[in-house]
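Undergrad: Got a structure for you, coords_3.txt, holding compact mmCIF, N, CA and C atoms.
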# COMPACT_ATOMS: atom_id res chain seq x y z
N MET A 6 117.73 90.46 91.75
CA MET A 6 116.89 89.40 92.30
C MET A 6 116.14 88.73 91.15
N PRO A 7 116.30 87.42 90.99
CA PRO A 7 115.58 86.71 89.94
C PRO A 7 114.08 86.80 90.14
N GLY A 8 113.37 87.06 89.07
CA GLY A 8 111.92 87.15 89.14
C GLY A 8 111.38 88.48 89.61
N ALA A 9 112.28 89.41 89.94
CA ALA A 9 111.83 90.72 90.41
C ALA A 9 111.24 91.52 89.25
N LYS A 10 110.27 92.36 89.56
CA LYS A 10 109.70 93.27 88.58
C LYS A 10 110.59 94.51 88.51
N ARG A 11 110.93 94.91 87.30
CA ARG A 11 111.83 96.05 87.09
C ARG A 11 111.01 97.32 86.88
N ILE A 12 111.33 98.34 87.67
CA ILE A 12 110.61 99.61 87.61
C ILE A 12 111.59 100.74 87.33
N LEU A 13 111.22 101.60 86.39
CA LEU A 13 111.99 102.80 86.08
C LEU A 13 111.25 104.00 86.67
N ILE A 14 111.94 104.74 87.54
CA ILE A 14 111.40 105.97 88.12
C ILE A 14 112.04 107.14 87.39
N VAL A 15 111.20 108.01 86.80
CA VAL A 15 111.67 109.19 86.08
C VAL A 15 111.17 110.41 86.84
N GLU A 16 112.08 111.08 87.52
CA GLU A 16 111.72 112.20 88.40
C GLU A 16 112.92 113.13 88.53
N ASP A 17 112.74 114.40 88.18
CA ASP A 17 113.86 115.34 88.26
C ASP A 17 114.09 115.86 89.68
N ASP A 18 113.05 115.89 90.51
CA ASP A 18 113.19 116.39 91.88
C ASP A 18 113.81 115.29 92.74
N GLU A 19 114.99 115.59 93.29
CA GLU A 19 115.74 114.56 94.03
C GLU A 19 114.97 114.00 95.22
N SER A 20 114.31 114.86 95.99
CA SER A 20 113.59 114.36 97.17
C SER A 20 112.43 113.45 96.77
N SER A 21 111.71 113.79 95.71
CA SER A 21 110.62 112.94 95.24
C SER A 21 111.16 111.63 94.68
N ARG A 22 112.28 111.71 93.96
CA ARG A 22 112.89 110.51 93.38
C ARG A 22 113.32 109.55 94.49
N ILE A 23 113.96 110.09 95.53
CA ILE A 23 114.41 109.26 96.64
C ILE A 23 113.22 108.66 97.40
N LEU A 24 112.18 109.46 97.61
CA LEU A 24 111.00 108.97 98.29
C LEU A 24 110.36 107.81 97.52
N LEU A 25 110.18 107.99 96.21
CA LEU A 25 109.62 106.91 95.39
C LEU A 25 110.50 105.66 95.44
N GLU A 26 111.80 105.87 95.35
CA GLU A 26 112.74 104.75 95.41
C GLU A 26 112.59 103.99 96.73
N ARG A 27 112.54 104.72 97.84
CA ARG A 27 112.42 104.07 99.15
C ARG A 27 111.10 103.32 99.29
N ILE A 28 110.04 103.93 98.81
CA ILE A 28 108.73 103.26 98.88
C ILE A 28 108.77 101.95 98.11
N LEU A 29 109.29 102.00 96.89
CA LEU A 29 109.26 100.80 96.04
C LEU A 29 110.29 99.75 96.45
N GLU A 30 111.43 100.19 96.97
CA GLU A 30 112.41 99.22 97.43
C GLU A 30 111.98 98.52 98.70
N SER A 31 110.93 99.03 99.36
CA SER A 31 110.40 98.34 100.55
C SER A 31 109.60 97.09 100.15
N VAL A 32 109.30 96.97 98.86
CA VAL A 32 108.61 95.79 98.35
C VAL A 32 109.68 94.84 97.80
N PRO A 33 109.86 93.67 98.43
CA PRO A 33 110.98 92.79 98.06
C PRO A 33 110.99 92.32 96.61
N THR A 34 109.84 92.30 95.94
CA THR A 34 109.78 91.77 94.58
C THR A 34 110.03 92.84 93.51
N LEU A 35 110.45 94.05 93.93
CA LEU A 35 110.66 95.13 92.97
C LEU A 35 112.13 95.53 92.90
N GLU A 36 112.58 95.80 91.69
CA GLU A 36 113.95 96.28 91.44
C GLU A 36 113.84 97.64 90.75
N VAL A 37 114.46 98.66 91.32
CA VAL A 37 114.27 100.04 90.89
C VAL A 37 115.48 100.59 90.15
N THR A 38 115.21 101.29 89.03
CA THR A 38 116.21 102.06 88.30
C THR A 38 115.74 103.51 88.29
N LEU A 39 116.69 104.45 88.40
CA LEU A 39 116.35 105.87 88.48
C LEU A 39 116.83 106.64 87.25
N ALA A 40 116.00 107.60 86.83
CA ALA A 40 116.39 108.56 85.78
C ALA A 40 116.00 109.93 86.29
N ASP A 41 116.92 110.90 86.17
CA ASP A 41 116.65 112.22 86.72
C ASP A 41 116.19 113.24 85.69
N ASP A 42 116.01 112.81 84.45
CA ASP A 42 115.46 113.72 83.43
C ASP A 42 114.92 112.90 82.25
N GLY A 43 114.26 113.61 81.34
CA GLY A 43 113.62 112.95 80.21
C GLY A 43 114.60 112.27 79.27
N ASP A 44 115.74 112.90 79.02
CA ASP A 44 116.73 112.30 78.13
C ASP A 44 117.23 110.97 78.68
N ALA A 45 117.52 110.94 79.97
CA ALA A 45 117.98 109.69 80.59
C ALA A 45 116.90 108.62 80.51
N ALA A 46 115.65 109.03 80.71
CA ALA A 46 114.53 108.08 80.65
C ALA A 46 114.40 107.47 79.26
N VAL A 47 114.43 108.30 78.24
CA VAL A 47 114.30 107.80 76.87
C VAL A 47 115.47 106.88 76.53
N SER A 48 116.66 107.24 76.97
CA SER A 48 117.83 106.41 76.72
C SER A 48 117.69 105.04 77.40
N LEU A 49 117.34 105.04 78.68
CA LEU A 49 117.18 103.78 79.41
C LEU A 49 116.05 102.94 78.82
N ALA A 50 114.93 103.57 78.52
CA ALA A 50 113.78 102.85 77.97
C ALA A 50 114.07 102.32 76.57
N GLY A 51 115.03 102.91 75.87
CA GLY A 51 115.40 102.43 74.55
C GLY A 51 116.31 101.22 74.59
N LYS A 52 116.93 100.97 75.75
CA LYS A 52 117.90 99.87 75.87
C LYS A 52 117.42 98.72 76.73
N GLU A 53 116.65 99.04 77.76
CA GLU A 53 116.25 98.04 78.75
C GLU A 53 114.74 97.87 78.75
N ARG A 54 114.29 96.70 79.13
CA ARG A 54 112.85 96.43 79.25
C ARG A 54 112.46 96.53 80.71
N TYR A 55 111.42 97.30 80.99
CA TYR A 55 110.92 97.47 82.35
C TYR A 55 109.51 96.90 82.44
N ASP A 56 109.12 96.54 83.65
CA ASP A 56 107.76 96.05 83.89
C ASP A 56 106.80 97.20 84.17
N LEU A 57 107.36 98.36 84.58
CA LEU A 57 106.56 99.52 84.93
C LEU A 57 107.45 100.76 84.91
N ILE A 58 106.85 101.89 84.50
CA ILE A 58 107.55 103.18 84.53
C ILE A 58 106.71 104.15 85.34
N LEU A 59 107.34 104.81 86.32
CA LEU A 59 106.72 105.92 87.04
C LEU A 59 107.31 107.19 86.47
N LEU A 60 106.47 108.10 86.01
CA LEU A 60 106.93 109.24 85.22
C LEU A 60 106.37 110.56 85.73
N ASP A 61 107.27 111.49 86.02
CA ASP A 61 106.90 112.86 86.36
C ASP A 61 106.61 113.60 85.05
N LEU A 62 105.76 114.60 85.09
CA LEU A 62 105.44 115.37 83.89
C LEU A 62 106.27 116.64 83.75
N LEU A 63 106.47 117.35 84.86
CA LEU A 63 107.15 118.63 84.81
C LEU A 63 108.64 118.46 85.08
N MET A 64 109.42 118.41 84.00
CA MET A 64 110.86 118.27 84.11
C MET A 64 111.51 119.27 83.16
N PRO A 65 112.67 119.79 83.52
CA PRO A 65 113.36 120.68 82.59
C PRO A 65 113.78 119.93 81.33
N GLY A 66 113.85 120.63 80.23
CA GLY A 66 114.19 119.97 78.97
C GLY A 66 112.99 119.21 78.46
N MET A 67 113.17 117.92 78.27
CA MET A 67 112.10 117.07 77.74
C MET A 67 111.11 116.75 78.86
N GLY A 68 109.87 117.19 78.71
CA GLY A 68 108.84 116.94 79.71
C GLY A 68 108.28 115.54 79.61
N GLY A 69 107.48 115.18 80.60
CA GLY A 69 106.95 113.83 80.70
C GLY A 69 106.05 113.40 79.55
N ILE A 70 105.24 114.32 79.01
CA ILE A 70 104.37 113.96 77.88
C ILE A 70 105.22 113.58 76.67
N GLU A 71 106.29 114.35 76.42
CA GLU A 71 107.18 114.03 75.30
C GLU A 71 107.90 112.70 75.55
N VAL A 72 108.37 112.49 76.78
CA VAL A 72 109.01 111.22 77.14
C VAL A 72 108.05 110.06 76.88
N LEU A 73 106.84 110.21 77.35
CA LEU A 73 105.84 109.16 77.17
C LEU A 73 105.58 108.89 75.69
N GLY A 74 105.46 109.93 74.91
CA GLY A 74 105.26 109.77 73.47
C GLY A 74 106.41 109.04 72.80
N ARG A 75 107.63 109.36 73.19
CA ARG A 75 108.80 108.69 72.60
C ARG A 75 108.87 107.23 73.01
N ILE A 76 108.57 106.96 74.28
CA ILE A 76 108.57 105.57 74.74
C ILE A 76 107.50 104.78 74.01
N ARG A 77 106.31 105.35 73.89
CA ARG A 77 105.21 104.68 73.20
C ARG A 77 105.48 104.55 71.70
N GLY A 78 106.26 105.47 71.16
CA GLY A 78 106.48 105.52 69.73
C GLY A 78 107.46 104.50 69.19
N GLY A 79 108.18 103.83 70.02
CA GLY A 79 109.11 102.84 69.49
C GLY A 79 110.26 102.58 70.44
N SER A 80 110.03 101.76 71.41
CA SER A 80 111.08 101.32 72.32
C SER A 80 110.68 99.95 72.83
N PRO A 81 111.59 99.27 73.50
CA PRO A 81 111.21 97.98 74.09
C PRO A 81 110.08 98.13 75.11
N ASN A 82 109.77 99.37 75.49
CA ASN A 82 108.75 99.63 76.49
C ASN A 82 107.50 100.28 75.92
N SER A 83 107.26 100.09 74.63
CA SER A 83 106.12 100.74 73.99
C SER A 83 104.78 100.30 74.60
N LYS A 84 104.74 99.12 75.20
CA LYS A 84 103.51 98.62 75.82
C LYS A 84 103.63 98.53 77.35
N THR A 85 104.73 98.99 77.91
CA THR A 85 104.95 98.94 79.35
C THR A 85 103.96 99.84 80.07
N PRO A 86 103.36 99.37 81.16
CA PRO A 86 102.48 100.24 81.94
C PRO A 86 103.24 101.46 82.46
N VAL A 87 102.59 102.62 82.43
CA VAL A 87 103.18 103.87 82.92
C VAL A 87 102.22 104.49 83.92
N ILE A 88 102.76 104.87 85.06
CA ILE A 88 102.02 105.61 86.07
C ILE A 88 102.59 107.02 86.13
N ILE A 89 101.74 108.01 85.94
CA ILE A 89 102.16 109.41 86.05
C ILE A 89 102.13 109.79 87.53
N VAL A 90 103.20 110.49 87.97
CA VAL A 90 103.27 111.03 89.32
C VAL A 90 103.58 112.51 89.15
N SER A 91 102.58 113.37 89.39
CA SER A 91 102.72 114.78 89.04
C SER A 91 101.93 115.69 89.97
N VAL A 92 102.35 116.96 90.02
CA VAL A 92 101.58 117.98 90.74
C VAL A 92 100.42 118.46 89.88
N MET A 93 100.47 118.19 88.58
CA MET A 93 99.43 118.65 87.67
C MET A 93 98.16 117.83 87.88
N ASP A 94 97.07 118.52 88.15
CA ASP A 94 95.82 117.85 88.49
C ASP A 94 94.66 118.36 87.64
N ASP A 95 94.97 118.76 86.40
CA ASP A 95 93.93 119.33 85.54
C ASP A 95 93.47 118.31 84.51
N ALA A 96 92.22 118.45 84.10
CA ALA A 96 91.61 117.50 83.16
C ALA A 96 92.34 117.41 81.82
N PRO A 97 92.73 118.53 81.18
CA PRO A 97 93.41 118.39 79.88
C PRO A 97 94.70 117.57 79.95
N THR A 98 95.46 117.74 81.03
CA THR A 98 96.69 116.97 81.18
C THR A 98 96.38 115.49 81.37
N LYS A 99 95.40 115.20 82.20
CA LYS A 99 95.03 113.80 82.43
C LYS A 99 94.49 113.16 81.15
N ILE A 100 93.74 113.90 80.37
CA ILE A 100 93.21 113.39 79.10
C ILE A 100 94.35 113.11 78.12
N ALA A 101 95.32 114.03 78.06
CA ALA A 101 96.48 113.83 77.18
C ALA A 101 97.24 112.57 77.58
N CYS A 102 97.41 112.36 78.87
CA CYS A 102 98.10 111.16 79.35
C CYS A 102 97.30 109.90 79.05
N GLU A 103 95.99 109.97 79.26
CA GLU A 103 95.12 108.82 78.94
C GLU A 103 95.24 108.44 77.48
N SER A 104 95.29 109.46 76.60
CA SER A 104 95.37 109.17 75.17
C SER A 104 96.67 108.45 74.81
N LEU A 105 97.69 108.58 75.66
CA LEU A 105 98.95 107.88 75.45
C LEU A 105 99.01 106.58 76.24
N GLY A 106 97.90 106.21 76.86
CA GLY A 106 97.78 104.89 77.48
C GLY A 106 98.39 104.73 78.86
N VAL A 107 98.31 105.75 79.71
CA VAL A 107 98.84 105.57 81.06
C VAL A 107 97.94 104.63 81.85
N SER A 108 98.54 103.93 82.79
CA SER A 108 97.82 102.98 83.62
C SER A 108 97.15 103.64 84.81
N ASP A 109 97.80 104.68 85.34
CA ASP A 109 97.27 105.36 86.52
C ASP A 109 97.89 106.74 86.59
N TYR A 110 97.33 107.58 87.46
CA TYR A 110 97.76 108.97 87.59
C TYR A 110 97.73 109.31 89.07
N ILE A 111 98.88 109.57 89.66
CA ILE A 111 98.99 109.91 91.07
C ILE A 111 99.33 111.40 91.17
N VAL A 112 98.56 112.12 91.96
CA VAL A 112 98.82 113.54 92.16
C VAL A 112 99.67 113.72 93.42
N LYS A 113 100.76 114.50 93.28
CA LYS A 113 101.61 114.80 94.43
C LYS A 113 100.86 115.71 95.39
N PRO A 114 101.15 115.67 96.66
CA PRO A 114 102.30 115.03 97.30
C PRO A 114 102.18 113.50 97.29
N ILE A 115 103.35 112.87 97.24
CA ILE A 115 103.44 111.42 97.15
C ILE A 115 102.99 110.80 98.47
N ARG A 116 102.09 109.84 98.35
CA ARG A 116 101.64 109.07 99.51
C ARG A 116 101.97 107.60 99.27
N ARG A 117 102.60 107.00 100.25
CA ARG A 117 103.05 105.62 100.13
C ARG A 117 101.91 104.69 99.72
N ASP A 118 100.77 104.80 100.38
CA ASP A 118 99.66 103.88 100.09
C ASP A 118 99.16 104.03 98.66
N ALA A 119 99.13 105.26 98.15
CA ALA A 119 98.68 105.49 96.76
C ALA A 119 99.67 104.89 95.77
N VAL A 120 100.97 105.05 96.04
CA VAL A 120 102.00 104.51 95.14
C VAL A 120 101.94 102.98 95.13
N ILE A 121 101.91 102.37 96.30
CA ILE A 121 101.88 100.90 96.38
C ILE A 121 100.63 100.35 95.69
N ALA A 122 99.49 100.97 95.93
CA ALA A 122 98.23 100.52 95.30
C ALA A 122 98.30 100.63 93.79
N ALA A 123 98.81 101.76 93.28
CA ALA A 123 98.91 101.94 91.83
C ALA A 123 99.87 100.94 91.21
N VAL A 124 101.00 100.71 91.86
CA VAL A 124 101.99 99.75 91.35
C VAL A 124 101.39 98.35 91.33
N LYS A 125 100.76 97.95 92.42
CA LYS A 125 100.15 96.62 92.47
C LYS A 125 99.05 96.49 91.42
N GLY A 126 98.30 97.56 91.21
CA GLY A 126 97.26 97.53 90.18
C GLY A 126 97.84 97.40 88.78
N ALA A 127 99.00 98.00 88.54
CA ALA A 127 99.59 97.99 87.21
C ALA A 127 100.34 96.70 86.90
N ILE A 128 101.03 96.14 87.90
CA ILE A 128 101.84 94.95 87.61
C ILE A 128 101.51 93.74 88.49
N GLY A 129 100.57 93.93 89.40
CA GLY A 129 100.15 92.81 90.22
C GLY A 129 101.19 92.30 91.19
N SER A 130 102.15 93.13 91.56
CA SER A 130 103.20 92.67 92.48
C SER A 130 102.90 93.09 93.90
Would you mind writing the structure in this file as structure tokens?

TA:
Amino acid sequence: MPGAKRILIVEDDESSRILLERILESVPTLEVTLADDGDAAVSLAGKERYDLILLDLLMPGMGGIEVLGRIRGGSPNSKTPVIIVSVMDDAPTKIACESLGVSDYIVKPIRRDAVIAAVKGAIGS
């Protein structure tokens, strides 16, 4: 769709990934791409430009903090807004994410209203 905002969802849990995809695809101005692990996310973010990235923290292999660091460290998405979507709700994790410039932090379980509000706040769509 011309003029659509491109969003990358990085989530290893299939049910959470599908839920996020369905929530965001319900907004006509959004175009969603999925990554099921950190390696796929870094690869996609290294090749394509996104308007927003939704990123899980707890993934096998490369975790979300490392993914975020790599994206921020040198990719076409180094300045792209990132929203963390995680079960982790502790201050040190949130501080670490803030230091890497996240736009928002959503604690699971995923709620449609929280996701839509965070996305609209990050990209104005």

Undergrad: Please identify which residues in range 46-117 of chain A DSSP calls alpha helix (DSSP H) from the backbone, and express them as a PyMOL selection string.

TA: chain A and resi 46-52+69-78+96-104+117

Undergrad: Tell me which of A:Ser20, A:Ala45, A:Arg77, A:Ile14 sits closest to Ile89 in chain A, counting only C-alpha atoms.

TA: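 That would be A:Ile14, the residue with the smallest distance to Ile89 in chain A.
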
Undergrad: Pick the closest to Ile23 in chain A from A:Ile70, A:Ile88, A:Ile115, A:Ile128: which is it, counting only C-alpha atoms?

TA: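 Checking each of A:Ile70, A:Ile88, A:Ile115, A:Ile128 against Ile23 in chain A, counting only C-alpha atoms, the winner is A:Ile115.
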
Undergrad: Residues within 10 Å of Val107 in chain A, please, as a PyMOL selection string. Count only C-alpha atoms; anything in the same chain fewer than 6 positions from it doesn't count.

TA: chain A and resi 58-60+73+84-89+99-101+127

Undergrad: Would you save the residues of that selection, restricted to N, CA and C atoms, as a compact mmCIF listing (two decimals), in the coordinates of the input?

TA:
# COMPACT_ATOMS: atom_id res chain seq x y z
N ILE A 58 106.85 101.89 84.50
CA ILE A 58 107.55 103.18 84.53
C ILE A 58 106.71 104.15 85.34
N LEU A 59 107.34 104.81 86.32
CA LEU A 59 106.72 105.92 87.04
C LEU A 59 107.31 107.19 86.47
N LEU A 60 106.47 108.10 86.01
CA LEU A 60 106.93 109.24 85.22
C LEU A 60 106.37 110.56 85.73
N LEU A 73 106.84 110.21 77.35
CA LEU A 73 105.84 109.16 77.17
C LEU A 73 105.58 108.89 75.69
N LYS A 84 104.74 99.12 75.20
CA LYS A 84 103.51 98.62 75.82
C LYS A 84 103.63 98.53 77.35
N THR A 85 104.73 98.99 77.91
CA THR A 85 104.95 98.94 79.35
C THR A 85 103.96 99.84 80.07
N PRO A 86 103.36 99.37 81.16
CA PRO A 86 102.48 100.24 81.94
C PRO A 86 103.24 101.46 82.46
N VAL A 87 102.59 102.62 82.43
CA VAL A 87 103.18 103.87 82.92
C VAL A 87 102.22 104.49 83.92
N ILE A 88 102.76 104.87 85.06
CA ILE A 88 102.02 105.61 86.07
C ILE A 88 102.59 107.02 86.13
N ILE A 89 101.74 108.01 85.94
CA ILE A 89 102.16 109.41 86.05
C ILE A 89 102.13 109.79 87.53
N LYS A 99 95.40 115.20 82.20
CA LYS A 99 95.03 113.80 82.43
C LYS A 99 94.49 113.16 81.15
N ILE A 100 93.74 113.90 80.37
CA ILE A 100 93.21 113.39 79.10
C ILE A 100 94.35 113.11 78.12
N ALA A 101 95.32 114.03 78.06
CA ALA A 101 96.48 113.83 77.18
C ALA A 101 97.24 112.57 77.58
N ALA A 127 99.00 98.00 88.54
CA ALA A 127 99.59 97.99 87.21
C ALA A 127 100.34 96.70 86.90

Undergrad: At most 10 Å from (118.1, 106.7, 85.7), file frame, only C-alpha atoms: which residues, as a VMD selection string?

TA: chain A and resid 13 to 17 37 to 50

Undergrad: Return the single residue from A:Lys10, A:Lys125, A:Arg117, A:Arg75 that is closest to Pro33 in chain A, with distances computed using only N, CA and C atoms.

TA: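 The answer is A:Lys10, which sits nearest to Pro33 in chain A.
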
Undergrad: Could you tell me how far atom N of Asp56 in chain A lies from atom C of Gly69 in chain A, in Å and to one decimal?

TA: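 A separation of 17.6 Å between them.
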
Undergrad: In Å to one decimal, how far is atom C of Glu53 in chain A from atom N of Val120 in chain A?

TA: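 Computing the Euclidean distance for atom N of Val120 in chain A and atom C of Glu53 in chain A yields 23.2 Å.
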
Undergrad: Under the rule that all atoms listed in the file are counted, which of A:Glu26, A:Gly106, A:Tyr55, A:Arg116 is the nearest residue to Ile12 in chain A?

TA: A:Tyr55

Undergrad: What is the distance, in Å and to one decimal place, between atom N of Val72 in chain A and atom C of Ser31 in chain A?

TA: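 Atom C of Ser31 in chain A lies 28.0 Å from atom N of Val72 in chain A.
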
Undergrad: Apply DSSP to the structure's backbone, then extract all residues of range 9-116 of chain A labelled strand (DSSP E) and return them as an NGL selection string.

TA: :A and (10-15 or 35-40 or 57-60 or 87-91 or 109-112)

Undergrad: What would the file be for range 32-65 of chain A if you keep N, CA and C atoms and write it as a short mmCIF file (atom, residue, chain, number, x, y, z; two decimals), in the first residue's frame?

TA:
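The result, written out as decode27.cif:
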data_model
loop_
_atom_site.label_atom_id
_atom_site.label_comp_id
_atom_site.auth_asym_id
_atom_site.auth_seq_id
_atom_site.Cartn_x
_atom_site.Cartn_y
_atom_site.Cartn_z
N VAL A 32 -5.09 -1.92 11.33
CA VAL A 32 -4.94 -0.50 11.02
C VAL A 32 -4.55 -0.40 9.54
N PRO A 33 -5.43 0.17 8.70
CA PRO A 33 -5.20 0.15 7.25
C PRO A 33 -3.91 0.82 6.79
N THR A 34 -3.35 1.73 7.56
CA THR A 34 -2.16 2.47 7.12
C THR A 34 -0.85 1.78 7.51
N LEU A 35 -0.94 0.55 8.04
CA LEU A 35 0.27 -0.15 8.49
C LEU A 35 0.54 -1.38 7.64
N GLU A 36 1.81 -1.60 7.35
CA GLU A 36 2.27 -2.79 6.62
C GLU A 36 3.25 -3.53 7.52
N VAL A 37 2.99 -4.81 7.78
CA VAL A 37 3.73 -5.57 8.78
C VAL A 37 4.66 -6.59 8.15
N THR A 38 5.90 -6.66 8.70
CA THR A 38 6.87 -7.70 8.37
C THR A 38 7.19 -8.43 9.67
N LEU A 39 7.38 -9.76 9.59
CA LEU A 39 7.62 -10.57 10.78
C LEU A 39 9.03 -11.15 10.79
N ALA A 40 9.61 -11.20 11.99
CA ALA A 40 10.88 -11.90 12.23
C ALA A 40 10.69 -12.75 13.47
N ASP A 41 11.11 -14.01 13.41
CA ASP A 41 10.88 -14.91 14.53
C ASP A 41 12.08 -15.11 15.43
N ASP A 42 13.17 -14.39 15.15
CA ASP A 42 14.33 -14.45 16.05
C ASP A 42 15.23 -13.24 15.80
N GLY A 43 16.24 -13.10 16.66
CA GLY A 43 17.13 -11.95 16.58
C GLY A 43 17.94 -11.89 15.31
N ASP A 44 18.42 -13.04 14.84
CA ASP A 44 19.21 -13.06 13.61
C ASP A 44 18.40 -12.56 12.42
N ALA A 45 17.16 -13.02 12.32
CA ALA A 45 16.29 -12.57 11.22
C ALA A 45 16.04 -11.08 11.33
N ALA A 46 15.84 -10.59 12.55
CA ALA A 46 15.59 -9.16 12.76
C ALA A 46 16.78 -8.32 12.31
N VAL A 47 17.97 -8.70 12.72
CA VAL A 47 19.17 -7.94 12.35
C VAL A 47 19.36 -7.97 10.84
N SER A 48 19.12 -9.12 10.23
CA SER A 48 19.24 -9.24 8.78
C SER A 48 18.24 -8.32 8.06
N LEU A 49 16.97 -8.38 8.46
CA LEU A 49 15.96 -7.54 7.83
C LEU A 49 16.24 -6.06 8.07
N ALA A 50 16.60 -5.71 9.29
CA ALA A 50 16.87 -4.30 9.62
C ALA A 50 18.12 -3.79 8.91
N GLY A 51 19.01 -4.69 8.50
CA GLY A 51 20.20 -4.29 7.76
C GLY A 51 19.94 -4.03 6.29
N LYS A 52 18.80 -4.53 5.79
CA LYS A 52 18.49 -4.41 4.36
C LYS A 52 17.34 -3.46 4.06
N GLU A 53 16.37 -3.42 4.95
CA GLU A 53 15.14 -2.67 4.70
C GLU A 53 14.99 -1.55 5.72
N ARG A 54 14.31 -0.50 5.33
CA ARG A 54 14.02 0.62 6.25
C ARG A 54 12.60 0.47 6.75
N TYR A 55 12.44 0.53 8.07
CA TYR A 55 11.12 0.44 8.70
C TYR A 55 10.80 1.75 9.40
N ASP A 56 9.51 1.99 9.58
CA ASP A 56 9.06 3.18 10.30
C ASP A 56 8.99 2.93 11.80
N LEU A 57 8.92 1.63 12.17
CA LEU A 57 8.80 1.24 13.58
C LEU A 57 9.19 -0.22 13.72
N ILE A 58 9.81 -0.54 14.87
CA ILE A 58 10.14 -1.94 15.19
C ILE A 58 9.53 -2.27 16.54
N LEU A 59 8.79 -3.37 16.61
CA LEU A 59 8.31 -3.92 17.87
C LEU A 59 9.21 -5.10 18.20
N LEU A 60 9.81 -5.09 19.38
CA LEU A 60 10.89 -6.03 19.69
C LEU A 60 10.68 -6.72 21.03
N ASP A 61 10.68 -8.05 21.00
CA ASP A 61 10.66 -8.86 22.21
C ASP A 61 12.08 -8.90 22.77
N LEU A 62 12.22 -9.06 24.07
CA LEU A 62 13.55 -9.13 24.68
C LEU A 62 14.05 -10.56 24.88
N LEU A 63 13.16 -11.45 25.31
CA LEU A 63 13.57 -12.81 25.63
C LEU A 63 13.37 -13.73 24.43
N MET A 64 14.47 -13.95 23.70
CA MET A 64 14.43 -14.83 22.54
C MET A 64 15.64 -15.76 22.62
N PRO A 65 15.50 -16.98 22.12
CA PRO A 65 16.67 -17.86 22.09
C PRO A 65 17.74 -17.31 21.15
#
